[in-house]
Amino acid sequence: MNDLEKAEAIHKRMLNQFGISELIKLNVYKDLALALNARDYADLEENNIYINPLFSPASQSDLEINLPKGAKIITLDINSLKHLSSIESIAIILHEIGHALNPFEKGENGEFIADDYAIDRNYKAALLKSLVSCKKLWPSEFDKNITEKRINRLT
Ligand SMILES: [Zn+2]
């Protein structure tokens, strides 16, 4: 799969045109596209997994495709990603893809499996950085036992 094919494949997963241009500005879009291989894109397609960038606290967008029932949407808050580096943002998105592909894995095991998806795509160090950053930025969400367990597993 060449870079152009990857660009087309990631574009098909995106629900929000304006969000794409924001992800490009954040240097997230291209490296996210390149982090995934042909098998990964096939998994995303078979499982009807889509990415929808939004702008907190609320935003709207027009849907240009018909989503099948049960489609999984990974929602990205562009305003939050602005506080993180591009590699941290990509690691977080890969983690969420890992969740979307393993919907029956819950709790600690679900977190570790989602982390493994990012680790397997060479984003282990970035994932660790993202957890440390998120803990500082959003302690109410991330200053938790599970975050410590994830950090320990990555160090
Ligand atoms: Zn998670």
# chains A, B, ... in the order shown; residues from 1 in each chain; ligands from 1

$ residues_near_ligand --ligand "ligand 1" --cutoff "10 Å" --atoms "only C-alpha atoms and all ligand atoms" --output "PyMOL selection string"
chain A and resi 92-100+106-115+146-147+150

$ write_last_selection --atoms "C-alpha atoms" --output "tab-separated table (two decimals), in the first residue's frame"
chain	number	residue	atom	x	y	z
A	92	ILE	CA	-4.37	8.40	21.50
A	93	ILE	CA	-6.21	7.89	18.21
A	94	LEU	CA	-4.50	4.50	17.72
A	95	HIS	CA	-5.55	3.56	21.28
A	96	GLU	CA	-9.15	4.43	20.42
A	97	ILE	CA	-8.98	2.34	17.24
A	98	GLY	CA	-7.80	-0.51	19.45
A	99	HIS	CA	-10.94	-0.09	21.57
A	100	ALA	CA	-13.19	0.08	18.51
A	106	LYS	CA	-13.72	-3.92	28.96
A	107	GLY	CA	-11.97	-2.46	31.99
A	108	GLU	CA	-8.24	-2.88	32.56
A	109	ASN	CA	-7.87	-5.58	29.92
A	110	GLY	CA	-9.63	-3.40	27.36
A	111	GLU	CA	-7.24	-0.54	28.10
A	112	PHE	CA	-4.18	-2.77	27.75
A	113	ILE	CA	-5.43	-4.25	24.45
A	114	ALA	CA	-6.11	-0.73	23.13
A	115	ASP	CA	-2.62	0.32	24.27
A	146	ILE	CA	-5.86	2.69	35.62
A	147	THR	CA	-3.68	5.48	34.22
A	150	ARG	CA	-1.02	1.83	31.93

$ residues_around --residues "A:Ile10" --least-positions-apart "3" --cutoff "9 Å" --atoms "only C-alpha atoms" --output "MDAnalysis selection string"
chainID A and resid 5:7 13:14 29:30 32:33 36 41

$ write_last_selection --atoms "N, CA and C atoms" --output "short mmCIF file (atom, residue, chain, number, x, y, z; two decimals), in the first residue's frame"
data_model
loop_
_atom_site.label_atom_id
_atom_site.label_comp_id
_atom_site.auth_asym_id
_atom_site.auth_seq_id
_atom_site.Cartn_x
_atom_site.Cartn_y
_atom_site.Cartn_z
N GLU A 5 -2.39 5.66 -1.54
CA GLU A 5 -3.47 4.74 -1.19
C GLU A 5 -3.85 4.87 0.28
N LYS A 6 -2.84 5.09 1.13
CA LYS A 6 -3.12 5.29 2.55
C LYS A 6 -3.88 6.60 2.77
N ALA A 7 -3.51 7.63 2.02
CA ALA A 7 -4.20 8.92 2.14
C ALA A 7 -5.68 8.76 1.76
N ARG A 13 -12.32 7.14 6.06
CA ARG A 13 -12.74 6.90 7.45
C ARG A 13 -13.18 8.18 8.15
N MET A 14 -12.95 9.33 7.53
CA MET A 14 -13.19 10.61 8.19
C MET A 14 -14.59 11.12 7.88
N TYR A 29 -2.62 14.23 10.69
CA TYR A 29 -3.33 13.48 9.65
C TYR A 29 -2.42 12.53 8.86
N LYS A 30 -1.32 13.08 8.33
CA LYS A 30 -0.46 12.27 7.46
C LYS A 30 0.20 11.11 8.23
N LEU A 32 -0.76 9.72 10.97
CA LEU A 32 -1.78 8.74 11.34
C LEU A 32 -2.05 7.82 10.14
N ALA A 33 -2.21 8.42 8.97
CA ALA A 33 -2.46 7.63 7.75
C ALA A 33 -1.32 6.63 7.52
N LEU A 36 -0.86 3.22 9.75
CA LEU A 36 -1.72 2.06 9.51
C LEU A 36 -1.34 1.37 8.21
N TYR A 41 -6.36 -0.96 7.54
CA TYR A 41 -7.44 -0.27 6.84
C TYR A 41 -8.59 -1.22 6.52
#

$ atom_distance --atom1 "atom CA of A:Gly19" --atom2 "atom CA of A:Ser86"
14.8 Å

$ select_by_dssp --residues "stretch 32-106 of chain A" --states "strand (DSSP E or B)" --output "list of chain:residue names"
A:Ile49, A:Tyr50, A:Ile51, A:Asn52, A:Pro53, A:Leu54, A:Lys72, A:Ile73, A:Ile74, A:Thr75, A:Leu76, A:Asp77

$ write_last_selection --atoms "C-alpha atoms" --output "mmCIF file, in the first residue's frame"
data_model
loop_
_atom_site.group_PDB
_atom_site.id
_atom_site.type_symbol
_atom_site.label_atom_id
_atom_site.label_comp_id
_atom_site.auth_asym_id
_atom_site.auth_seq_id
_atom_site.Cartn_x
_atom_site.Cartn_y
_atom_site.Cartn_z
ATOM 1 C CA ILE A 49 -15.049 2.401 12.096
ATOM 2 C CA TYR A 50 -15.057 6.154 11.386
ATOM 3 C CA ILE A 51 -13.318 9.176 12.835
ATOM 4 C CA ASN A 52 -15.226 12.357 13.590
ATOM 5 C CA PRO A 53 -13.228 15.421 14.664
ATOM 6 C CA LEU A 54 -15.262 17.879 16.729
ATOM 7 C CA LYS A 72 -18.358 2.919 15.419
ATOM 8 C CA ILE A 73 -17.370 6.559 15.575
ATOM 9 C CA ILE A 74 -14.121 7.680 17.178
ATOM 10 C CA THR A 75 -14.717 11.272 18.228
ATOM 11 C CA LEU A 76 -11.683 13.551 18.452
ATOM 12 C CA ASP A 77 -11.762 16.862 20.268
#

$ closest_atom_pairs --of "stretch 54-107 of chain A" --to "stretch 132-141 of chain A" --cutoff "12 Å" --atoms "only C-alpha atoms" --output "tab-separated table"
residue	atom	partner	partner_atom	distance
A:Ser80	CA	A:Leu137	CA	9.3
A:Leu81	CA	A:Cys134	CA	10.2
A:Lys82	CA	A:Leu137	CA	11.5
A:His83	CA	A:Leu137	CA	8.1
A:Leu84	CA	A:Ser133	CA	7.3
A:Ser85	CA	A:Ser133	CA	9.4
A:Ile87	CA	A:Ser133	CA	12.0
A:Glu88	CA	A:Ser133	CA	8.6
A:Ser89	CA	A:Cys134	CA	10.5
A:Ile92	CA	A:Cys134	CA	10.2

$ write_last_selection --atoms "C-alpha atoms" --output "short mmCIF file (atom, residue, chain, number, x, y, z; two decimals), in the first residue's frame"
data_model
loop_
_atom_site.label_atom_id
_atom_site.label_comp_id
_atom_site.auth_asym_id
_atom_site.auth_seq_id
_atom_site.Cartn_x
_atom_site.Cartn_y
_atom_site.Cartn_z
CA SER A 80 -7.94 19.14 23.33
CA LEU A 81 -5.49 17.76 20.76
CA LYS A 82 -4.05 21.29 20.45
CA HIS A 83 -2.62 20.83 23.97
CA LEU A 84 -0.73 17.69 22.91
CA SER A 85 2.09 16.99 20.48
CA ILE A 87 2.74 11.99 18.15
CA GLU A 88 0.80 12.02 21.43
CA SER A 89 -2.40 12.73 19.51
CA ILE A 92 -4.37 8.40 21.50
#

$ atom_distance --atom1 "atom CA of A:Asn145" --atom2 "atom CA of A:Ile90"
23.2 Å

$ closest_residue --among "A:Ser59, A:Glu46, A:Ile78, A:Glu105" --to "A:Glu22" --atoms "only C-alpha atoms"
A:Ile78

$ residues_around --residues "A:Asn48" --least-positions-apart "5" --cutoff "8 Å" --atoms "only C-alpha atoms" --output "JSON, numbers by chain"
{"A": [68, 70, 71, 72]}

$ write_last_selection --atoms "N, CA and C atoms" --output "PDB file, in the first residue's frame"
ATOM      1  N   PRO A  68     -23.741   2.671   8.253  1.00  0.00           N
ATOM      2  CA  PRO A  68     -24.528   1.483   8.596  1.00  0.00           C
ATOM      3  C   PRO A  68     -24.821   1.431  10.090  1.00  0.00           C
ATOM      4  N   GLY A  70     -24.743   0.334  13.719  1.00  0.00           N
ATOM      5  CA  GLY A  70     -23.643  -0.258  14.457  1.00  0.00           C
ATOM      6  C   GLY A  70     -22.284   0.289  14.087  1.00  0.00           C
ATOM      7  N   ALA A  71     -22.233   1.261  13.174  1.00  0.00           N
ATOM      8  CA  ALA A  71     -20.945   1.887  12.855  1.00  0.00           C
ATOM      9  C   ALA A  71     -20.348   2.475  14.127  1.00  0.00           C
ATOM     10  N   LYS A  72     -19.031   2.391  14.225  1.00  0.00           N
ATOM     11  CA  LYS A  72     -18.358   2.919  15.419  1.00  0.00           C
ATOM     12  C   LYS A  72     -17.673   4.230  15.063  1.00  0.00           C
TER      13      LYS A  72
END

$ closest_residue --among "A:Asn102, A:Ser61, A:Thr155, A:Ser21" --to "A:Asn47" --atoms "only C-alpha atoms"
A:Asn102

$ decode --residues "stretch 5-154 of chain A" --atoms "C-alpha atoms" --output "PDB file, in the first residue's frame"
ATOM      1  CA  GLU A   5      -3.470   4.735  -1.191  1.00  0.00           C
ATOM      2  CA  LYS A   6      -3.120   5.295   2.553  1.00  0.00           C
ATOM      3  CA  ALA A   7      -4.204   8.923   2.137  1.00  0.00           C
ATOM      4  CA  GLU A   8      -7.320   7.749   0.275  1.00  0.00           C
ATOM      5  CA  ALA A   9      -7.991   5.032   2.865  1.00  0.00           C
ATOM      6  CA  ILE A  10      -7.810   7.406   5.859  1.00  0.00           C
ATOM      7  CA  HIS A  11      -9.936   9.951   4.010  1.00  0.00           C
ATOM      8  CA  LYS A  12     -12.706   7.343   3.669  1.00  0.00           C
ATOM      9  CA  ARG A  13     -12.740   6.902   7.453  1.00  0.00           C
ATOM     10  CA  MET A  14     -13.188  10.613   8.195  1.00  0.00           C
ATOM     11  CA  LEU A  15     -16.682  12.024   8.723  1.00  0.00           C
ATOM     12  CA  ASN A  16     -15.838  15.685   8.951  1.00  0.00           C
ATOM     13  CA  GLN A  17     -14.108  17.674   6.197  1.00  0.00           C
ATOM     14  CA  PHE A  18     -13.306  20.706   8.337  1.00  0.00           C
ATOM     15  CA  GLY A  19     -11.815  18.415  10.959  1.00  0.00           C
ATOM     16  CA  ILE A  20      -9.473  16.923   8.372  1.00  0.00           C
ATOM     17  CA  SER A  21      -7.940  20.311   7.637  1.00  0.00           C
ATOM     18  CA  GLU A  22      -7.522  20.887  11.386  1.00  0.00           C
ATOM     19  CA  LEU A  23      -5.791  17.520  11.787  1.00  0.00           C
ATOM     20  CA  ILE A  24      -3.491  18.446   8.902  1.00  0.00           C
ATOM     21  CA  LYS A  25      -2.609  21.724  10.666  1.00  0.00           C
ATOM     22  CA  LEU A  26      -1.818  19.769  13.835  1.00  0.00           C
ATOM     23  CA  ASN A  27       0.520  17.455  11.853  1.00  0.00           C
ATOM     24  CA  VAL A  28      -1.607  14.496  12.872  1.00  0.00           C
ATOM     25  CA  TYR A  29      -3.326  13.477   9.652  1.00  0.00           C
ATOM     26  CA  LYS A  30      -0.455  12.271   7.461  1.00  0.00           C
ATOM     27  CA  ASP A  31       1.446  10.361  10.143  1.00  0.00           C
ATOM     28  CA  LEU A  32      -1.779   8.737  11.338  1.00  0.00           C
ATOM     29  CA  ALA A  33      -2.455   7.625   7.750  1.00  0.00           C
ATOM     30  CA  LEU A  34       1.081   6.224   7.487  1.00  0.00           C
ATOM     31  CA  ALA A  35       0.929   4.441  10.860  1.00  0.00           C
ATOM     32  CA  LEU A  36      -1.724   2.063   9.512  1.00  0.00           C
ATOM     33  CA  ASN A  37      -1.130  -0.702   6.968  1.00  0.00           C
ATOM     34  CA  ALA A  38      -3.391  -2.396   4.421  1.00  0.00           C
ATOM     35  CA  ARG A  39      -4.611  -4.961   6.980  1.00  0.00           C
ATOM     36  CA  ASP A  40      -5.413  -2.148   9.432  1.00  0.00           C
ATOM     37  CA  TYR A  41      -7.445  -0.266   6.836  1.00  0.00           C
ATOM     38  CA  ALA A  42      -9.310  -3.462   5.939  1.00  0.00           C
ATOM     39  CA  ASP A  43     -10.127  -3.915   9.653  1.00  0.00           C
ATOM     40  CA  LEU A  44     -11.432  -0.351   9.881  1.00  0.00           C
ATOM     41  CA  GLU A  45     -13.589  -0.853   6.806  1.00  0.00           C
ATOM     42  CA  GLU A  46     -14.937  -4.279   7.819  1.00  0.00           C
ATOM     43  CA  ASN A  47     -15.834  -2.998  11.279  1.00  0.00           C
ATOM     44  CA  ASN A  48     -17.346   0.278   9.993  1.00  0.00           C
ATOM     45  CA  ILE A  49     -15.049   2.401  12.096  1.00  0.00           C
ATOM     46  CA  TYR A  50     -15.057   6.154  11.386  1.00  0.00           C
ATOM     47  CA  ILE A  51     -13.318   9.176  12.835  1.00  0.00           C
ATOM     48  CA  ASN A  52     -15.226  12.357  13.590  1.00  0.00           C
ATOM     49  CA  PRO A  53     -13.228  15.421  14.664  1.00  0.00           C
ATOM     50  CA  LEU A  54     -15.262  17.879  16.729  1.00  0.00           C
ATOM     51  CA  PHE A  55     -14.633  21.196  18.412  1.00  0.00           C
ATOM     52  CA  SER A  56     -15.419  21.474  22.098  1.00  0.00           C
ATOM     53  CA  PRO A  57     -17.624  22.483  23.730  1.00  0.00           C
ATOM     54  CA  ALA A  58     -19.957  21.670  20.824  1.00  0.00           C
ATOM     55  CA  SER A  59     -19.888  21.606  17.049  1.00  0.00           C
ATOM     56  CA  GLN A  60     -21.954  20.363  14.144  1.00  0.00           C
ATOM     57  CA  SER A  61     -21.114  18.900  10.760  1.00  0.00           C
ATOM     58  CA  ASP A  62     -22.905  17.533   7.723  1.00  0.00           C
ATOM     59  CA  LEU A  63     -22.717  13.808   7.054  1.00  0.00           C
ATOM     60  CA  GLU A  64     -21.955  12.967   3.434  1.00  0.00           C
ATOM     61  CA  ILE A  65     -22.189   9.188   3.663  1.00  0.00           C
ATOM     62  CA  ASN A  66     -24.796   6.736   4.921  1.00  0.00           C
ATOM     63  CA  LEU A  67     -23.480   5.081   8.039  1.00  0.00           C
ATOM     64  CA  PRO A  68     -24.528   1.483   8.596  1.00  0.00           C
ATOM     65  CA  LYS A  69     -26.256   0.539  11.850  1.00  0.00           C
ATOM     66  CA  GLY A  70     -23.643  -0.258  14.457  1.00  0.00           C
ATOM     67  CA  ALA A  71     -20.945   1.887  12.855  1.00  0.00           C
ATOM     68  CA  LYS A  72     -18.358   2.919  15.419  1.00  0.00           C
ATOM     69  CA  ILE A  73     -17.370   6.559  15.575  1.00  0.00           C
ATOM     70  CA  ILE A  74     -14.121   7.680  17.178  1.00  0.00           C
ATOM     71  CA  THR A  75     -14.717  11.272  18.228  1.00  0.00           C
ATOM     72  CA  LEU A  76     -11.683  13.551  18.452  1.00  0.00           C
ATOM     73  CA  ASP A  77     -11.762  16.862  20.268  1.00  0.00           C
ATOM     74  CA  ILE A  78      -9.560  19.119  18.142  1.00  0.00           C
ATOM     75  CA  ASN A  79      -9.338  21.729  20.914  1.00  0.00           C
ATOM     76  CA  SER A  80      -7.944  19.143  23.332  1.00  0.00           C
ATOM     77  CA  LEU A  81      -5.492  17.762  20.764  1.00  0.00           C
ATOM     78  CA  LYS A  82      -4.048  21.286  20.455  1.00  0.00           C
ATOM     79  CA  HIS A  83      -2.615  20.830  23.972  1.00  0.00           C
ATOM     80  CA  LEU A  84      -0.731  17.689  22.914  1.00  0.00           C
ATOM     81  CA  SER A  85       2.091  16.986  20.476  1.00  0.00           C
ATOM     82  CA  SER A  86       1.227  15.354  17.163  1.00  0.00           C
ATOM     83  CA  ILE A  87       2.736  11.995  18.151  1.00  0.00           C
ATOM     84  CA  GLU A  88       0.804  12.021  21.434  1.00  0.00           C
ATOM     85  CA  SER A  89      -2.405  12.735  19.511  1.00  0.00           C
ATOM     86  CA  ILE A  90      -1.722   9.899  17.064  1.00  0.00           C
ATOM     87  CA  ALA A  91      -1.006   7.487  19.936  1.00  0.00           C
ATOM     88  CA  ILE A  92      -4.369   8.398  21.505  1.00  0.00           C
ATOM     89  CA  ILE A  93      -6.210   7.885  18.212  1.00  0.00           C
ATOM     90  CA  LEU A  94      -4.504   4.499  17.724  1.00  0.00           C
ATOM     91  CA  HIS A  95      -5.547   3.556  21.279  1.00  0.00           C
ATOM     92  CA  GLU A  96      -9.154   4.426  20.423  1.00  0.00           C
ATOM     93  CA  ILE A  97      -8.984   2.344  17.239  1.00  0.00           C
ATOM     94  CA  GLY A  98      -7.797  -0.506  19.455  1.00  0.00           C
ATOM     95  CA  HIS A  99     -10.939  -0.088  21.573  1.00  0.00           C
ATOM     96  CA  ALA A 100     -13.192   0.080  18.507  1.00  0.00           C
ATOM     97  CA  LEU A 101     -11.740  -3.189  17.190  1.00  0.00           C
ATOM     98  CA  ASN A 102     -12.165  -4.949  20.547  1.00  0.00           C
ATOM     99  CA  PRO A 103     -15.582  -3.840  21.774  1.00  0.00           C
ATOM    100  CA  PHE A 104     -16.041  -6.767  24.142  1.00  0.00           C
ATOM    101  CA  GLU A 105     -12.805  -6.153  26.030  1.00  0.00           C
ATOM    102  CA  LYS A 106     -13.717  -3.917  28.958  1.00  0.00           C
ATOM    103  CA  GLY A 107     -11.966  -2.462  31.994  1.00  0.00           C
ATOM    104  CA  GLU A 108      -8.238  -2.876  32.556  1.00  0.00           C
ATOM    105  CA  ASN A 109      -7.871  -5.576  29.919  1.00  0.00           C
ATOM    106  CA  GLY A 110      -9.635  -3.403  27.363  1.00  0.00           C
ATOM    107  CA  GLU A 111      -7.241  -0.536  28.102  1.00  0.00           C
ATOM    108  CA  PHE A 112      -4.185  -2.768  27.748  1.00  0.00           C
ATOM    109  CA  ILE A 113      -5.429  -4.248  24.451  1.00  0.00           C
ATOM    110  CA  ALA A 114      -6.106  -0.729  23.130  1.00  0.00           C
ATOM    111  CA  ASP A 115      -2.616   0.323  24.270  1.00  0.00           C
ATOM    112  CA  ASP A 116      -1.130  -2.694  22.471  1.00  0.00           C
ATOM    113  CA  TYR A 117      -2.665  -1.481  19.214  1.00  0.00           C
ATOM    114  CA  ALA A 118      -0.674   1.772  19.517  1.00  0.00           C
ATOM    115  CA  ILE A 119       2.445  -0.071  20.752  1.00  0.00           C
ATOM    116  CA  ASP A 120       2.362  -2.472  17.790  1.00  0.00           C
ATOM    117  CA  ARG A 121       2.396   0.539  15.446  1.00  0.00           C
ATOM    118  CA  ASN A 122       5.526   1.993  17.097  1.00  0.00           C
ATOM    119  CA  TYR A 123       3.730   4.546  19.259  1.00  0.00           C
ATOM    120  CA  LYS A 124       4.716   3.134  22.664  1.00  0.00           C
ATOM    121  CA  ALA A 125       6.875   6.101  23.724  1.00  0.00           C
ATOM    122  CA  ALA A 126       4.322   8.564  22.356  1.00  0.00           C
ATOM    123  CA  LEU A 127       1.519   6.787  24.224  1.00  0.00           C
ATOM    124  CA  LEU A 128       3.485   7.018  27.469  1.00  0.00           C
ATOM    125  CA  LYS A 129       4.069  10.734  26.857  1.00  0.00           C
ATOM    126  CA  SER A 130       0.372  11.238  26.117  1.00  0.00           C
ATOM    127  CA  LEU A 131      -0.663   9.632  29.403  1.00  0.00           C
ATOM    128  CA  VAL A 132       1.745  11.808  31.391  1.00  0.00           C
ATOM    129  CA  SER A 133       0.486  14.908  29.524  1.00  0.00           C
ATOM    130  CA  CYS A 134      -3.185  13.999  29.922  1.00  0.00           C
ATOM    131  CA  LYS A 135      -2.698  13.426  33.655  1.00  0.00           C
ATOM    132  CA  LYS A 136      -1.311  16.945  33.994  1.00  0.00           C
ATOM    133  CA  LEU A 137      -3.852  18.587  31.681  1.00  0.00           C
ATOM    134  CA  TRP A 138      -7.000  16.780  32.808  1.00  0.00           C
ATOM    135  CA  PRO A 139      -6.391  15.284  36.267  1.00  0.00           C
ATOM    136  CA  SER A 140     -10.071  14.643  36.949  1.00  0.00           C
ATOM    137  CA  GLU A 141     -10.163  12.359  33.926  1.00  0.00           C
ATOM    138  CA  PHE A 142      -6.692  10.817  34.052  1.00  0.00           C
ATOM    139  CA  ASP A 143      -5.391  10.926  37.637  1.00  0.00           C
ATOM    140  CA  LYS A 144      -6.666   7.424  38.233  1.00  0.00           C
ATOM    141  CA  ASN A 145      -5.367   4.001  39.171  1.00  0.00           C
ATOM    142  CA  ILE A 146      -5.861   2.688  35.625  1.00  0.00           C
ATOM    143  CA  THR A 147      -3.681   5.481  34.216  1.00  0.00           C
ATOM    144  CA  GLU A 148      -0.884   4.494  36.623  1.00  0.00           C
ATOM    145  CA  LYS A 149      -1.220   0.854  35.592  1.00  0.00           C
ATOM    146  CA  ARG A 150      -1.018   1.834  31.933  1.00  0.00           C
ATOM    147  CA  ILE A 151       2.017   4.055  32.573  1.00  0.00           C
ATOM    148  CA  ASN A 152       3.768   1.275  34.520  1.00  0.00           C
ATOM    149  CA  ARG A 153       3.122  -1.144  31.691  1.00  0.00           C
ATOM    150  CA  LEU A 154       4.721   1.262  29.203  1.00  0.00           C
TER     151      LEU A 154
END
